[in-house]
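Structure below is model.cif: mmCIF, C-alpha atoms.
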```cif
data_structure
#
loop_
_atom_site.label_atom_id
_atom_site.label_comp_id
_atom_site.auth_asym_id
_atom_site.auth_seq_id
_atom_site.Cartn_x
_atom_site.Cartn_y
_atom_site.Cartn_z
CA MET A 10 29.26 0.81 21.31
CA ASN A 11 31.13 -2.50 21.14
CA ASN A 12 31.79 -4.50 17.99
CA LYS A 13 29.77 -7.54 19.03
CA VAL A 14 27.05 -8.33 16.49
CA MET A 15 24.33 -10.98 16.64
CA ILE A 16 23.29 -12.14 13.19
CA GLY A 17 20.08 -13.96 12.34
CA MET A 18 21.07 -17.06 10.36
CA SER A 19 18.21 -18.72 8.47
CA GLY A 20 20.24 -21.49 6.88
CA GLY A 21 20.17 -19.71 3.51
CA VAL A 22 23.06 -18.41 1.44
CA ASP A 23 22.43 -14.70 2.13
CA SER A 24 22.67 -14.80 5.93
CA SER A 25 25.53 -17.32 5.69
CA VAL A 26 27.68 -14.96 3.60
CA ALA A 27 26.56 -11.96 5.69
CA ALA A 28 28.00 -13.69 8.79
CA TYR A 29 31.26 -14.39 6.96
CA LEU A 30 31.58 -10.78 5.71
CA LEU A 31 30.98 -9.39 9.21
CA LYS A 32 33.76 -11.55 10.61
CA GLU A 33 36.07 -10.40 7.79
CA GLN A 34 35.22 -6.78 8.71
CA GLY A 35 36.44 -7.36 12.26
CA TYR A 36 33.17 -7.80 14.13
CA GLU A 37 32.84 -10.30 16.95
CA VAL A 38 30.02 -12.34 15.40
CA ILE A 39 27.45 -14.54 17.14
CA GLY A 40 25.22 -16.62 14.85
CA VAL A 41 21.63 -17.22 15.93
CA PHE A 42 18.89 -19.31 14.35
CA MET A 43 15.42 -18.16 15.34
CA LYS A 44 13.00 -21.04 15.86
CA LEU A 45 9.73 -19.43 14.83
CA TRP A 46 7.44 -22.20 13.70
CA GLU A 47 7.00 -25.95 14.08
CA GLY A 48 5.99 -27.31 10.68
CA GLN A 49 4.43 -30.68 9.93
CA HIS A 50 6.04 -31.06 6.51
CA GLU A 51 9.53 -29.81 5.83
CA THR A 52 10.74 -28.62 2.45
CA GLU A 53 14.18 -27.50 1.37
CA ARG A 54 12.84 -23.95 1.10
CA ALA A 55 11.26 -23.76 4.56
CA CYS A 56 13.35 -21.31 6.57
CA CYS A 57 12.19 -22.60 9.98
CA SER A 58 12.91 -26.30 9.40
CA LEU A 59 15.33 -28.54 11.28
CA SER A 60 17.44 -28.89 8.12
CA ALA A 61 17.68 -25.07 7.87
CA ALA A 62 18.91 -24.90 11.47
CA GLU A 63 21.45 -27.61 10.74
CA ASP A 64 22.68 -25.77 7.62
CA ALA A 65 23.11 -22.59 9.69
CA ARG A 66 25.05 -24.51 12.35
CA ARG A 67 27.38 -26.02 9.72
CA VAL A 68 28.04 -22.56 8.24
CA ALA A 69 28.82 -21.15 11.71
CA ASP A 70 31.27 -24.01 12.29
CA ARG A 71 32.87 -23.43 8.90
CA ILE A 72 33.51 -19.72 9.46
CA GLY A 73 34.39 -20.16 13.13
CA ILE A 74 31.68 -18.30 15.05
CA PRO A 75 29.57 -19.38 18.04
CA PHE A 76 26.04 -20.52 17.16
CA TYR A 77 22.80 -20.67 19.15
CA VAL A 78 19.15 -21.49 18.54
CA ILE A 79 16.62 -19.12 20.14
CA ASN A 80 12.98 -20.06 20.59
CA MET A 81 10.74 -17.22 19.37
CA LYS A 82 7.63 -19.25 18.62
CA LYS A 83 5.37 -17.39 21.07
CA PRO A 84 5.92 -13.82 19.79
CA PHE A 85 5.91 -15.11 16.20
CA MET A 86 2.53 -16.78 16.76
CA GLU A 87 1.02 -13.67 18.36
CA LYS A 88 2.53 -10.95 16.17
CA VAL A 89 2.72 -12.69 12.80
CA VAL A 90 0.55 -15.80 12.48
CA ASP A 91 -2.48 -14.53 14.43
CA TYR A 92 -2.21 -11.19 12.62
CA PHE A 93 -2.12 -13.02 9.25
CA VAL A 94 -5.28 -14.97 10.08
CA ASP A 95 -7.17 -11.97 11.49
CA GLU A 96 -6.39 -9.82 8.43
CA TYR A 97 -7.66 -12.45 5.99
CA LEU A 98 -10.88 -12.78 7.98
CA LEU A 99 -11.37 -9.02 7.51
CA GLY A 100 -11.07 -9.38 3.73
CA ARG A 101 -7.56 -7.89 3.68
CA THR A 102 -4.36 -9.39 2.25
CA PRO A 103 -1.55 -9.12 4.84
CA ASN A 104 2.21 -9.33 4.33
CA PRO A 105 3.51 -11.56 7.14
CA CYS A 106 7.18 -11.02 6.21
CA ILE A 107 6.81 -7.30 6.93
CA ALA A 108 5.16 -8.10 10.27
CA CYS A 109 7.97 -10.54 11.06
CA ASN A 110 10.67 -7.96 10.32
CA LYS A 111 8.86 -5.34 12.41
CA HIS A 112 8.07 -7.41 15.49
CA ILE A 113 10.57 -10.27 15.47
CA LYS A 114 13.78 -9.66 13.49
CA PHE A 115 14.33 -6.03 14.47
CA ASP A 116 12.47 -5.88 17.79
CA GLU A 117 12.46 -9.14 19.79
CA PHE A 118 15.77 -10.18 18.21
CA LEU A 119 17.44 -6.83 19.00
CA LYS A 120 16.25 -7.02 22.63
CA LYS A 121 17.79 -10.50 22.93
CA ALA A 122 21.03 -9.26 21.37
CA ILE A 123 21.35 -6.36 23.84
CA MET A 124 20.58 -8.76 26.70
CA LEU A 125 23.47 -10.95 25.50
CA GLY A 126 25.87 -8.00 25.42
CA CYS A 127 25.74 -7.25 21.67
CA ASP A 128 25.30 -3.66 20.54
CA HIS A 129 24.40 -4.59 16.97
CA VAL A 130 22.23 -7.02 15.04
CA ALA A 131 22.63 -8.07 11.42
CA THR A 132 20.67 -9.93 8.77
CA GLY A 133 21.18 -11.05 5.19
CA HIS A 134 18.79 -8.47 3.74
CA TYR A 135 19.82 -6.62 0.58
CA ALA A 136 19.63 -3.00 1.76
CA LYS A 137 21.88 -0.30 3.24
CA VAL A 138 21.85 1.64 6.51
CA GLU A 139 23.72 4.97 6.54
CA TYR A 140 23.85 7.94 8.87
CA SER A 141 23.08 11.22 7.07
CA SER A 142 24.36 14.46 8.63
CA GLU A 143 22.13 16.31 6.16
CA HIS A 144 19.00 14.60 7.49
CA GLY A 145 20.39 14.34 11.03
CA ARG A 146 19.24 10.72 11.21
CA PHE A 147 19.89 7.20 10.05
CA LEU A 148 18.58 6.35 6.59
CA LEU A 149 17.50 3.10 5.01
CA LYS A 150 18.65 2.97 1.37
CA LYS A 151 18.10 0.65 -1.54
CA SER A 152 20.68 -2.04 -2.24
CA ALA A 153 23.13 -1.77 -5.14
CA THR A 154 20.95 -3.96 -7.40
CA ASP A 155 17.24 -3.34 -7.85
CA GLU A 156 16.34 -6.96 -8.57
CA LYS A 157 17.30 -8.02 -5.02
CA ASP A 158 16.50 -4.82 -3.12
CA GLN A 159 14.55 -5.71 0.05
CA THR A 160 13.87 -2.27 1.51
CA TYR A 161 10.13 -2.72 0.87
CA ALA A 162 10.02 -5.24 3.71
CA LEU A 163 12.07 -3.07 6.12
CA TYR A 164 10.22 0.28 6.12
CA ASN A 165 9.04 -0.13 9.74
CA MET A 166 12.53 0.26 11.20
CA THR A 167 12.99 2.93 13.88
CA GLN A 168 15.98 5.23 14.37
CA GLU A 169 17.09 3.15 17.37
CA GLN A 170 16.90 -0.07 15.35
CA LEU A 171 18.72 1.44 12.36
CA SER A 172 21.49 2.76 14.62
CA ARG A 173 22.13 -0.80 15.82
CA THR A 174 21.68 -2.66 12.52
CA VAL A 175 24.41 -3.82 10.13
CA LEU A 176 23.39 -4.99 6.64
CA PRO A 177 26.56 -6.27 4.94
CA LEU A 178 24.92 -7.35 1.65
CA GLY A 179 23.77 -3.91 0.48
CA THR A 180 26.58 -3.45 -2.04
CA TYR A 181 26.41 -6.96 -3.54
CA ASN A 182 24.22 -8.79 -6.03
CA LYS A 183 22.99 -12.37 -5.63
CA GLY A 184 25.52 -13.83 -8.06
CA GLN A 185 28.40 -12.33 -6.10
CA ILE A 186 27.02 -13.72 -2.83
CA ARG A 187 26.73 -17.24 -4.26
CA GLU A 188 30.27 -16.94 -5.63
CA ILE A 189 31.66 -15.94 -2.21
CA ALA A 190 29.77 -18.85 -0.60
CA ALA A 191 31.21 -21.31 -3.13
CA ASN A 192 34.74 -19.93 -2.79
CA ILE A 193 34.78 -20.43 0.99
CA GLY A 194 33.06 -23.82 0.81
CA LEU A 195 29.70 -23.07 2.41
CA VAL A 196 27.04 -25.81 2.19
CA THR A 197 24.43 -23.14 1.39
CA ALA A 198 26.18 -21.85 -1.79
CA ASN A 199 23.64 -23.35 -4.22
CA LYS A 200 20.65 -23.55 -1.91
CA PRO A 201 17.47 -22.16 -3.55
CA ASP A 202 15.85 -19.04 -2.10
CA SER A 203 12.92 -19.59 0.25
CA GLN A 204 9.74 -18.53 -1.56
CA GLU A 205 6.66 -19.56 0.36
CA ILE A 206 5.44 -18.06 3.61
CA CYS A 207 7.26 -20.29 6.10
CA PHE A 208 4.18 -21.26 8.11
CA VAL A 209 1.86 -21.95 5.13
CA GLU A 210 3.53 -25.12 4.00
CA ASP A 211 1.43 -25.97 0.94
CA ASN A 212 0.92 -22.32 -0.08
CA ASP A 213 -2.85 -22.73 0.49
CA TYR A 214 -3.61 -19.57 2.48
CA ALA A 215 -7.37 -20.15 2.65
CA SER A 216 -7.04 -23.63 4.16
CA PHE A 217 -4.49 -22.37 6.65
CA VAL A 218 -6.74 -19.50 7.77
CA LYS A 219 -9.69 -21.88 8.01
CA SER A 220 -7.70 -24.32 10.15
CA ARG A 221 -6.43 -21.59 12.51
CA SER A 222 -9.73 -19.76 13.02
CA ASN A 223 -12.67 -20.67 15.20
CA LYS A 224 -14.92 -18.60 12.94
CA LYS A 225 -17.01 -20.37 10.32
CA ILE A 226 -16.05 -19.21 6.83
CA GLN A 227 -19.33 -18.13 5.26
CA PRO A 228 -20.04 -18.17 1.52
CA GLY A 229 -21.48 -14.96 0.09
CA ASN A 230 -22.30 -13.06 -3.07
CA PHE A 231 -20.23 -12.00 -6.02
CA VAL A 232 -21.59 -8.57 -6.94
CA ASP A 233 -20.83 -5.88 -9.50
CA ARG A 234 -20.06 -2.22 -8.69
CA GLN A 235 -23.79 -1.44 -8.61
CA GLY A 236 -24.46 -4.24 -6.09
CA ASN A 237 -26.15 -6.60 -8.56
CA VAL A 238 -25.66 -10.24 -7.55
CA LEU A 239 -23.58 -12.16 -10.10
CA GLY A 240 -23.18 -15.46 -8.28
CA ARG A 241 -21.91 -17.08 -5.08
CA HIS A 242 -18.40 -17.20 -3.64
CA GLU A 243 -16.85 -19.66 -1.15
CA GLY A 244 -15.72 -17.15 1.51
CA ILE A 245 -13.79 -13.87 1.27
CA ILE A 246 -10.55 -15.45 2.54
CA LYS A 247 -10.15 -17.12 -0.88
CA TYR A 248 -9.87 -13.88 -2.84
CA THR A 249 -7.58 -10.89 -3.25
CA ILE A 250 -7.70 -7.65 -5.26
CA GLY A 251 -6.73 -8.12 -8.92
CA GLN A 252 -7.40 -11.87 -8.89
CA ARG A 253 -8.81 -13.37 -12.09
CA LYS A 254 -8.08 -17.10 -11.91
CA GLY A 255 -9.86 -19.48 -9.57
CA LEU A 256 -12.98 -17.37 -9.10
CA GLY A 257 -15.28 -20.30 -9.95
CA ILE A 258 -17.71 -18.15 -11.92
CA ALA A 259 -18.24 -17.72 -15.68
CA LEU A 260 -19.73 -14.40 -16.77
CA GLY A 261 -18.88 -14.34 -20.45
CA TRP A 262 -16.31 -11.58 -19.89
CA PRO A 263 -12.94 -11.48 -18.07
CA ALA A 264 -13.88 -10.75 -14.45
CA TYR A 265 -11.42 -9.53 -11.80
CA VAL A 266 -11.75 -8.97 -8.06
CA VAL A 267 -11.91 -5.18 -7.67
CA ASP A 268 -13.02 -4.97 -4.03
CA ILE A 269 -13.82 -7.10 -0.98
CA ASP A 270 -16.46 -5.99 1.52
CA SER A 271 -16.16 -7.91 4.79
CA GLU A 272 -19.22 -6.17 6.30
CA THR A 273 -21.57 -7.55 3.64
CA ASN A 274 -19.38 -10.61 2.96
CA SER A 275 -19.31 -9.62 -0.72
CA VAL A 276 -16.64 -9.93 -3.40
CA VAL A 277 -16.96 -7.19 -6.02
CA LEU A 278 -16.12 -8.18 -9.59
CA GLY A 279 -15.32 -5.84 -12.47
CA THR A 280 -13.16 -5.31 -15.53
CA ASN A 281 -9.37 -5.13 -15.61
CA GLU A 282 -9.70 -1.35 -16.00
CA GLU A 283 -11.57 -1.18 -12.67
CA VAL A 284 -8.62 -2.89 -10.93
CA PHE A 285 -6.61 0.32 -11.51
CA LYS A 286 -7.06 3.02 -8.84
CA LYS A 287 -5.72 6.54 -8.55
CA GLY A 288 -4.47 6.32 -4.97
CA LEU A 289 -4.84 5.06 -1.43
CA VAL A 290 -5.15 5.89 2.25
CA ALA A 291 -2.65 4.19 4.59
CA ASP A 292 -2.49 3.90 8.37
CA ASP A 293 0.09 2.50 10.81
CA VAL A 294 2.59 4.83 9.14
CA ASN A 295 6.33 4.74 9.93
CA LEU A 296 8.67 7.45 8.65
CA ILE A 297 12.44 7.02 8.38
CA ALA A 298 13.87 9.92 6.37
CA TYR A 299 11.73 12.66 8.00
CA ASP A 300 9.87 13.39 11.23
CA ARG A 301 6.70 14.15 9.31
CA ILE A 302 5.24 14.33 5.82
CA GLU A 303 5.03 17.74 4.19
CA ASP A 304 1.69 17.99 2.36
CA GLY A 305 2.25 17.71 -1.37
CA MET A 306 5.58 15.89 -0.97
CA LYS A 307 6.70 14.16 -4.17
CA VAL A 308 7.76 10.54 -3.79
CA GLU A 309 7.93 7.31 -5.72
CA ALA A 310 5.83 4.58 -4.15
CA LYS A 311 5.16 0.89 -4.58
CA VAL A 312 2.26 -1.16 -3.29
CA ARG A 313 3.78 -4.64 -3.52
CA TYR A 314 7.21 -6.17 -3.12
CA ASN A 315 7.89 -6.85 -6.80
CA ALA A 316 6.42 -3.60 -8.17
CA ARG A 317 8.47 -0.73 -9.58
CA PRO A 318 8.17 2.52 -7.58
CA LYS A 319 5.82 4.96 -9.37
CA PRO A 320 5.65 8.78 -9.05
CA ALA A 321 3.09 9.95 -6.50
CA THR A 322 2.16 12.83 -4.20
CA VAL A 323 1.54 12.31 -0.49
CA TYR A 324 -0.66 14.23 1.96
CA ASN A 325 -1.46 14.02 5.68
CA VAL A 326 -4.97 13.03 6.71
CA ASP A 327 -6.56 12.69 10.14
CA GLY A 328 -5.42 10.14 12.72
CA GLY A 329 -1.80 10.04 11.57
CA ARG A 330 -2.78 8.48 8.26
CA ILE A 331 -1.55 9.48 4.81
CA LYS A 332 -3.23 9.84 1.44
CA LEU A 333 -1.11 8.98 -1.57
CA VAL A 334 -2.13 9.88 -5.14
CA PHE A 335 -0.27 8.31 -8.06
CA ASP A 336 0.53 10.32 -11.19
CA ASP A 337 -0.87 7.40 -13.21
CA ARG A 338 -3.45 4.91 -11.98
CA GLU A 339 -1.93 1.93 -10.19
CA ARG A 340 -3.06 -1.70 -10.48
CA ALA A 341 -4.40 -3.82 -7.63
CA ILE A 342 -4.01 -1.52 -4.64
CA THR A 343 -4.78 -4.02 -1.91
CA PRO A 344 -5.90 -3.26 1.68
CA GLY A 345 -3.63 -5.05 4.16
CA GLN A 346 -0.57 -4.79 1.93
CA SER A 347 2.03 -2.07 2.47
CA VAL A 348 2.81 1.06 0.51
CA VAL A 349 6.46 2.12 0.70
CA MET A 350 7.67 5.57 -0.39
CA TYR A 351 11.06 6.48 -1.82
CA GLN A 352 13.02 9.55 -2.88
CA GLY A 353 15.77 8.24 -5.13
CA ASP A 354 17.40 5.38 -3.23
CA ILE A 355 16.23 6.66 0.18
CA VAL A 356 13.25 5.06 1.93
CA VAL A 357 10.95 7.85 3.10
CA GLY A 358 8.70 5.45 5.01
CA GLY A 359 5.53 3.47 4.54
CA GLY A 360 2.27 2.23 5.98
CA ILE A 361 -0.48 -0.38 5.71
CA ILE A 362 -3.00 0.25 2.93
CA GLU A 363 -6.39 0.90 4.52
CA SER A 364 -8.39 1.64 1.37
CA SER A 365 -7.98 2.55 -2.27
CA ILE A 366 -9.16 5.81 -3.88
CA VAL A 367 -11.19 5.27 -7.04
#
```

Could you take the file, read its structure, and then write that structure out as structure tokens?
Amino acid sequence: MNNKVMIGMSGGVDSSVAAYLLKEQGYEVIGVFMKLWEGQHETERACCSLSAAEDARRVADRIGIPFYVINMKKPFMEKVVDYFVDEYLLGRTPNPCIACNKHIKFDEFLKKAIMLGCDHVATGHYAKVEYSSEHGRFLLKKSATDEKDQTYALYNMTQEQLSRTVLPLGTYNKGQIREIAANIGLVTANKPDSQEICFVEDNDYASFVKSRSNKKIQPGNFVDRQGNVLGRHEGIIKYTIGQRKGLGIALGWPAYVVDIDSETNSVVLGTNEEVFKKGLVADDVNLIAYDRIEDGMKVEAKVRYNARPKPATVYNVDGGRIKLVFDDRERAITPGQSVVMYQGDIVVGGGIIESSIV
């Protein structure tokens, strides 16, 4: 393999410093900004904006690497945006950043890199890639600091992708990265992190889904676990598991969304205790550390990006799916979100939550 690496530069501080570190390590670095989305209103935190592209270009100039903009709007629309809309219409809560990493940043982007003569790709994610002779495969491992670890969003990576991926930020924390950026005079040194989903500009998911779908969003019933009607809701796209605020219904007790049934167009309400479930079934499973799951394997698993991994046991079920049972009940297990499994700092793999187990 050659030492040419194509790095995705978003115009943020992380990918900026990652590009600099790669050059310092002796790689021949090519900076690329992926144009994924054409927004109507730009904000400083929008990673697909013209100002973000300009920031990335200025960083590339500063550290002395070539810089290009690649149009990836079509695959992003099909694999990420359309998927996001379709999942919400099914009463599920998708994670578009995971879909983007899977289909765009480590698939389409890698193909482009190879086409341009690069054997490696890189990003500013906080995670590590290491080859393990013990496992006989490449491993994805947690970054040095838990508060910035981004392995949850990378569990779909294949052995081929891992073998060609360089993640230079895995041994740093955010403060160190900002310090490096300031020391070398990068314009992105104090730039805030992007927070919102880049294509939902006002953070109003329901309005976005409504505007992108040709299906009429139908109101329906709030019901309890026994199916008794409690009131009317405005459409299942407005709700997610564990939600309490913004329900628009007063019942005289604290009500939470405990389930969403797209077939009956119902939103099931219950107590906070009913939001906790003992486990889940996941499909679309990708394994990194092993070829297959051994029934009864002990792992730690988390069901959302900001959660702490909790002890659990995993089993195979039909159709390549897995069943995962937590030692203690877990809050707000949400269909459409991902479950990611760990053993220590090693990512075992993950999948999309299909259903919870009461």

| task | Evaluate the PyMOL selection byres ((chain A and resi 16) around 12) and record the selected residues as number ranges by chain, following the chain and residue labels used in the document. | result | A: 13-15, 17-20, 23-32, 36-43, 65, 69, 74-79, 114-115, 118-119, 121-122, 127-134, 173-177

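Taking atom CA of Glu303 of chain A and atom CA of Gly329 of chain A as endpoints, the distance between them is 12.7 Å.
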
| said: When you count all atoms listed in the file, which of these residues is closest to Thr160 of chain A: A:Asn315, A:Ser141, A:Ser275, A:Asn12? | reply: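 Between A:Asn315, A:Ser141, A:Ser275, A:Asn12, the residue approaching Thr160 of chain A most closely is A:Asn315.
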
| said: Please enumerate the residues selected by the PyMOL selection byres ((chain A and resi 215-223) around 8) when evaluated against the supplied file, formatted as a list of chain:residue names. | reply: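 In the shown coordinates, the PyMOL selection byres ((chain A and resi 215-223) around 8) covers A:Val94, A:Tyr97, A:Leu98, A:Val209, A:Asp213, A:Tyr214, A:Lys224, A:Lys225, A:Ile226, A:Ile246, A:Lys247.
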
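When all atoms listed in the file are used to compute distances to Leu296 of chain A, the closest of the residues A:Arg146, A:Lys200, A:Arg187, A:His242 turns out to be A:Arg146.
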